[in-house]
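J.: My questions will all concern the structure given below.
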Amino acid sequence: MVYKNTVKARFLSRPNRFIAYAELNGETVTAHVKNTGRCRELLTSNADVILEKSENQSRKTPYDLVAVYKNGVLINMDSQAPNAVFGEWLKKTDFFGEISLVRPEFKYKNSRFDFYLEAGERKIFVETKGVTLEENGIVMFPDAPTERGVKHLKELCEAAEEGYEAYVFFIIQMEKCKYFTPNEKTHLEFADTLRHVAKKGVNVKAVCCNVSENSLEISDFAEIRL
């Protein structure tokens, strides 16, 4: 995916989940934060951030904050990006074979999975999760407790038991990592549920991305340690 009209700025503060202030060319500008997670380890004082200027000139927030540099590494933190890049990746990859149908936001029971795919006789559900939390090269999910994430895993497991193929893809929004692991310190229930559903037939995958100041795309599979 490609961002238009991106600029580098300096992060100043984040008064709430949705708004950030940044310094751009000596002036303070307001940006919409495209990630409602805590992101405390990313949005630190004076961090270099990437802003995308909105094409809607009447918006109260003229910019979107889409990425940040952490220790020299560019991390995309746009929570809408994982679905977008996964959708683009489906058009390029042969991972699922020859795909005949792609339906985003597909309702199943009490959940709405990110993708429903058909490839030959195969019927496949995919849930994507964006990963921005990194410590010493190890990437983790989630960065905050997510009951919704636990619910999705359990219903993926139900789908697998009913004969569907079920996948959870962790989209690592940075270029390199040592490995991916669930963040049991932050949400033990999610970590335990992920390990449980992996044993019950849910396929757990993680992929890194090529990241630039104006683009993001899936690159390689990453090691997983459950």
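Following the order of the structure tokens, first chain is A, next is B, and so on, with residues numbered from 1 inside each chain and ligands from 1 in the order they appear.
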Could you pull out all residues of segment 78-173 of chain A with a DSSP call of helix (DSSP H, G or I) and give them as a list of chain:residue names?
T.: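 Listing helix (DSSP H, G or I) positions across segment 78-173 of chain A yields A:Ala81, A:Pro82, A:Asn83, A:Ala84, A:Val85, A:Phe86, A:Gly87, A:Glu88, A:Trp89, A:Leu90, A:Glu147, A:Arg148, A:Gly149, A:Val150, A:Lys151, A:His152, A:Leu153, A:Lys154, A:Glu155, A:Leu156, A:Cys157, A:Glu158, A:Ala159, A:Ala160, A:Glu161.
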J.: Hey, can you spit out that residue selection with C-alpha atoms as a JSON list (two decimals), in the first residue's frame?
T.:
```json
[["chain", "number", "residue", "atom", "x", "y", "z"],
["A", 81, "ALA", "CA", -2.75, -1.23, 7.15],
["A", 82, "PRO", "CA", -2.64, -4.99, 7.99],
["A", 83, "ASN", "CA", -5.90, -5.74, 6.18],
["A", 84, "ALA", "CA", -4.89, -3.58, 3.23],
["A", 85, "VAL", "CA", -1.47, -5.15, 2.75],
["A", 86, "PHE", "CA", -2.83, -8.66, 3.28],
["A", 87, "GLY", "CA", -5.44, -8.03, 0.59],
["A", 88, "GLU", "CA", -2.69, -6.87, -1.78],
["A", 89, "TRP", "CA", -0.52, -9.87, -0.86],
["A", 90, "LEU", "CA", -3.35, -12.26, -1.76],
["A", 147, "GLU", "CA", -11.04, -9.64, 24.72],
["A", 148, "ARG", "CA", -12.10, -9.18, 21.10],
["A", 149, "GLY", "CA", -8.93, -10.94, 19.99],
["A", 150, "VAL", "CA", -9.64, -13.88, 22.30],
["A", 151, "LYS", "CA", -13.17, -14.12, 20.90],
["A", 152, "HIS", "CA", -11.85, -14.18, 17.33],
["A", 153, "LEU", "CA", -9.42, -16.99, 18.15],
["A", 154, "LYS", "CA", -12.12, -19.10, 19.77],
["A", 155, "GLU", "CA", -14.45, -18.68, 16.81],
["A", 156, "LEU", "CA", -11.64, -19.48, 14.36],
["A", 157, "CYS", "CA", -11.23, -22.68, 16.33],
["A", 158, "GLU", "CA", -14.95, -23.41, 15.99],
["A", 159, "ALA", "CA", -14.71, -22.83, 12.24],
["A", 160, "ALA", "CA", -11.77, -25.25, 12.03],
["A", 161, "GLU", "CA", -13.78, -27.86, 13.90]]
```
J.: Give me, as a PyMOL selection string, the residues of segment 43-96 of chain A that a backbone DSSP run labels strand (DSSP E or B).
T.: chain A and resi 48-53+63-70+73-76
J.: Give me a file of those residues, with C-alpha atoms, as a PDB file, in the first residue's frame.
T.:
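Final file, out.pdb:
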```pdb
ATOM      1  CA  ASP A  48      10.583  11.122  14.438  1.00  0.00           C
ATOM      2  CA  VAL A  49       7.143  10.349  13.030  1.00  0.00           C
ATOM      3  CA  ILE A  50       5.716  10.104   9.532  1.00  0.00           C
ATOM      4  CA  LEU A  51       2.562  12.085   8.800  1.00  0.00           C
ATOM      5  CA  GLU A  52       0.306  11.775   5.790  1.00  0.00           C
ATOM      6  CA  LYS A  53      -1.444  14.977   4.781  1.00  0.00           C
ATOM      7  CA  TYR A  63      -2.607  14.932   9.070  1.00  0.00           C
ATOM      8  CA  ASP A  64      -2.654  11.226   9.900  1.00  0.00           C
ATOM      9  CA  LEU A  65       0.194   9.752  11.936  1.00  0.00           C
ATOM     10  CA  VAL A  66       1.111   6.502  10.172  1.00  0.00           C
ATOM     11  CA  ALA A  67       4.649   5.523  11.213  1.00  0.00           C
ATOM     12  CA  VAL A  68       7.382   6.197  13.739  1.00  0.00           C
ATOM     13  CA  TYR A  69      11.125   5.665  14.044  1.00  0.00           C
ATOM     14  CA  LYS A  70      12.203   3.622  17.072  1.00  0.00           C
ATOM     15  CA  VAL A  73      13.912   1.385  12.763  1.00  0.00           C
ATOM     16  CA  LEU A  74      10.803   2.564  10.925  1.00  0.00           C
ATOM     17  CA  ILE A  75       7.627   0.980  12.295  1.00  0.00           C
ATOM     18  CA  ASN A  76       4.299   1.414  10.565  1.00  0.00           C
TER      19      ASN A  76
END
```
J.: Can you list, as a list in words, every protein, DNA or RNA residue that comes within 10 Å of Lys205 of chain A when you count only C-alpha atoms, leaving out same-chain residues fewer than 6 positions away?
T.: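 Here the answer would be Thr128, Tyr167, Val168, Phe169, Phe170, Ile171, Phe180, Phe221, Ala222, Glu223 and Ile224 of chain A.
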J.: Have a look at A:Ser100, A:Gln173, A:Asn25, A:Ser212 and name the one nearest to Gln80 of chain A; count only C-alpha atoms.
T.: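 That would be A:Gln173, the residue with the smallest distance to Gln80 of chain A.
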J.: List the neighbours of Ala20 of chain A out to 7 Å using only C-alpha atoms; skip same-chain residues closer than 5 positions along the sequence, and give me the result as a list in words.
T.: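 Selected residues are Ser13, Arg14, Pro15, Thr30, Ala31, His32 and Val33 of chain A.
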J.: From the options A:Glu217, A:Glu27, A:Glu41, A:Asp78, which residue's atoms come nearest to Asp143 of chain A, counting only C-alpha atoms?
T.: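 Smallest separation from Asp143 of chain A among the options: A:Glu41.
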J.: Nearest residue to Glu175 of chain A out of A:Ser219, A:Glu134, A:Gln57, A:Ala144, using only C-alpha atoms?
T.: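 Of A:Ser219, A:Glu134, A:Gln57, A:Ala144, the one nearest Glu175 of chain A, counting only C-alpha atoms, is A:Ser219.
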J.: Taking into account only C-alpha atoms, which residue in the set A:Ile172, A:Ile138, A:Leu133, A:Ile124 is nearest to Asn203 of chain A?
T.: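 Smallest distance to Asn203 of chain A is found for A:Ile124.
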J.: Extract, using only C-alpha atoms, all DNA, RNA and protein residues at most 9 Å from Val29 of chain A, discarding same-chain residues fewer than 5 positions from it, and format them as a list in words.
T.: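 With the cut-off at 9 Å, the set is Ala20, Tyr21, Ala22, Glu23, Leu24, Thr61, Pro62 and Tyr63 of chain A.
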J.: Restricting the output to C-alpha atoms, write the selected residues as a PDB file, in the first residue's frame.
T.:
```
ATOM      1  CA  ALA A  20      -1.227  13.696  18.516  1.00  0.00           C
ATOM      2  CA  TYR A  21       0.717  16.939  18.274  1.00  0.00           C
ATOM      3  CA  ALA A  22       3.892  17.106  16.226  1.00  0.00           C
ATOM      4  CA  GLU A  23       6.370  19.767  15.190  1.00  0.00           C
ATOM      5  CA  LEU A  24       6.614  20.263  11.436  1.00  0.00           C
ATOM      6  CA  THR A  61      -6.860  17.087  11.893  1.00  0.00           C
ATOM      7  CA  PRO A  62      -4.997  17.891   8.667  1.00  0.00           C
ATOM      8  CA  TYR A  63      -2.607  14.932   9.070  1.00  0.00           C
TER       9      TYR A  63
END
```
